[in-house]
Amino acid sequence: MSEYPASGPPPQTPPMSQHRPTQQATTLRQRLAELRGPAVAPHPLDARALAALAANPGCKRRALLDGAGVDKAALAAALGSPAAFGQSQFAFMRGNAFEARVKADGGTELMRLLYERLGGGGDAPREVRVPDLAAAGPEGRAARTALALREATEAGGWALLDHPMLALEVAGSPAYLEPDAVVVHPDGRWTVVEIKSFPMIDSSADAAKVGAAARQSAVYVLALERIAAVTTGAEVGHRVLLVCPKDFSNLPTASVVDVRKQRAVTRRQLTRLTRVEDIAAALPEGTTFDPECSAQELTAAVDAVTAAYAPECLAACELAFHCRATARAAGAVEALGRSVRGELGGLTTVGAVLAAAAGKEGDPADPTVAALRRAAALRAEALEHRGAPLEGSPACR
């Protein structure tokens with residue numbers, strides 16, 4: 001007699017391959033929750049942090065901490081090396097006020113600036129759809145944004161998406177990004193709009209700040225390209241509209257920034273990142289970055305993950321001061337800069353460099369060792385003759 005009910009055929013068990021991705025995702029989420037602490041909410045990974053991560057893809061420490069949603073500022077404070085940078089409250093409020101002015105009246109001024117720079121001249125569009133992007137949680141908002149982009153593209157008109165939510169996979173972990181705005185053109189083109197509070201004086205802004213904005217916008221472009229790939233008639237524009245205050249006023253002006261180079265570099269760097277689960281699997285059992293732990297436990301946990309420190313990290317990572325102190329204590333040449341590290345080849349510590357220059361260690365056939373010894377000899381010769389009187393001077397007569 002069959003063990004199944006006579007009312008129907010035996011239940012079909014889905015193949016294991018259908019369960020495995022969900023099980024792996026659940027296991028990874030649990031592991032990341034354990035790393036940041038059971039009672040700690042994940043810290044969101046924004047485009048600015050993602051651009052900094054892409055600029056240093058060899059840093060497994062940052063890849064893991066960002067992927068796990070660890071608040072690096074709180075972690076640095078618990079380690080005794082708090083970050084000394086960040087946006088002031090005044091600058092934050094000023095930026096929000098300027099963005100609100102740009103987007104006032106349904107984005108009339110924003111659309112005027114965009115149409116002047118990218119619309120081919122003439123009058124700005126009068127009918128602009130502003131879809132509602134409200135949804136529960138970042139996943140829901142990302143799905144709502146993707147639907148709004150598809151609907152706006154199919155409608156064939158102008159649409160302004162205010163603070164959409166985009167999803168991008170980084171090292172096997174999802175990251176949710178929120179650009180200031182995305183505009184859908186009647187021809188199906190999507191344009192990223194980045195609103196900044198630094199001034200644009202005589203149609204020119206600080207090059208470093210514009211470069212940072214371009215790298216940040218390139219991350220948004222990459223995230224949009226994932227949606228455009230499954231949307232008929234959609235194309236993500238490689239030119240981004242950068243809106244800033246004009247001269248010394250609070251009036252908005254705009255310029256177009258081509259981010260094709262930044263997009264290519266960011267895409268290449270993100271593919272080089274080691275997957276978060278691979279980094280987490282190599283950690284000792286019980287490793288956690290919970291800020292409630294002692295400084296000794298947190299130091300051991302952080303040091304268990306390989307870092308790739310460079311002086312540029314001081315302007316981009318909250319853990320830079322801790323990593324710099326560790327690099328200096330170990331005498332690592334990375335503390336002197338990436339260019340110096342590249343020139344020294346296999347010599348990884350300052351002690352090894354000095355020993356090679358003094359002729360105590362190193363292979364004389366190594367070009368790096370030979371160059372160091374030659375430089376040391378020239379320095380010694382210069383110091384030897386520094387105090388000697390010049391020929392023809394009164395001391396020689």
# chains A, B, ... in the order shown; residues from 1 in each chain; ligands from 1

call {"tool": "residues_around", "arguments": {"residues": "Leu114 of chain A", "least_positions_apart": "2", "cutoff": "12 Å", "atoms": "only C-alpha atoms", "output": "ChimeraX atom specification"}}
result
/A:102,107-112,116-125,158,160,181-185,190-194,239-243,252-256

call {"tool": "closest_atom_pairs", "arguments": {"of": "segment 73-189 of chain A", "to": "segment 314-329 of chain A", "cutoff": "8 Å", "atoms": "only C-alpha atoms", "output": "JSON lines"}}
result
{"residue": "A:Ala73", "atom": "CA", "partner": "A:Glu318", "partner_atom": "CA", "distance": 5.3}
{"residue": "A:Leu75", "atom": "CA", "partner": "A:Leu319", "partner_atom": "CA", "distance": 7.8}
{"residue": "A:Ala76", "atom": "CA", "partner": "A:Leu319", "partner_atom": "CA", "distance": 5.5}
{"residue": "A:Leu79", "atom": "CA", "partner": "A:His322", "partner_atom": "CA", "distance": 7.6}
{"residue": "A:Ser81", "atom": "CA", "partner": "A:His322", "partner_atom": "CA", "distance": 5.6}
{"residue": "A:Pro82", "atom": "CA", "partner": "A:Glu318", "partner_atom": "CA", "distance": 7.2}
{"residue": "A:Ala83", "atom": "CA", "partner": "A:Glu318", "partner_atom": "CA", "distance": 4.9}
{"residue": "A:Phe85", "atom": "CA", "partner": "A:Ala315", "partner_atom": "CA", "distance": 7.4}

call {"tool": "atom_distance", "arguments": {"atom1": "atom CA of Glu285 of chain A", "atom2": "atom CA of Ser173 of chain A"}}
result
20.8 Å

call {"tool": "closest_atom_pairs", "arguments": {"of": "segment 188-285 of chain A", "to": "segment 40-46 of chain A", "cutoff": "12 Å", "atoms": "only C-alpha atoms", "output": "CSV"}}
result
residue,atom,partner,partner_atom,distance
A:Gln216,CA,A:Asp46,CA,9.0
A:Ser217,CA,A:Asp46,CA,11.2
A:Val219,CA,A:Asp46,CA,9.5
A:Tyr220,CA,A:Asp46,CA,10.0

call {"tool": "residues_around", "arguments": {"residues": "Phe289 of chain A", "least_positions_apart": "6", "cutoff": "7 Å", "atoms": "only C-alpha atoms", "output": "ChimeraX atom specification"}}
result
/A:35-37,298,301

call {"tool": "select_by_dssp", "arguments": {"residues": "segment 232-269 of chain A", "states": "helix (DSSP H, G or I)", "output": "list of chain:residue names"}}
result
A:Arg260, A:Lys261, A:Gln262, A:Arg263, A:Ala264, A:Val265, A:Thr266, A:Arg267, A:Arg268, A:Gln269

call {"tool": "closest_residue", "arguments": {"among": "A:Ser204, A:Ala212, A:Pro284, A:Arg263", "to": "Glu225 of chain A", "atoms": "only C-alpha atoms"}}
result
A:Arg263
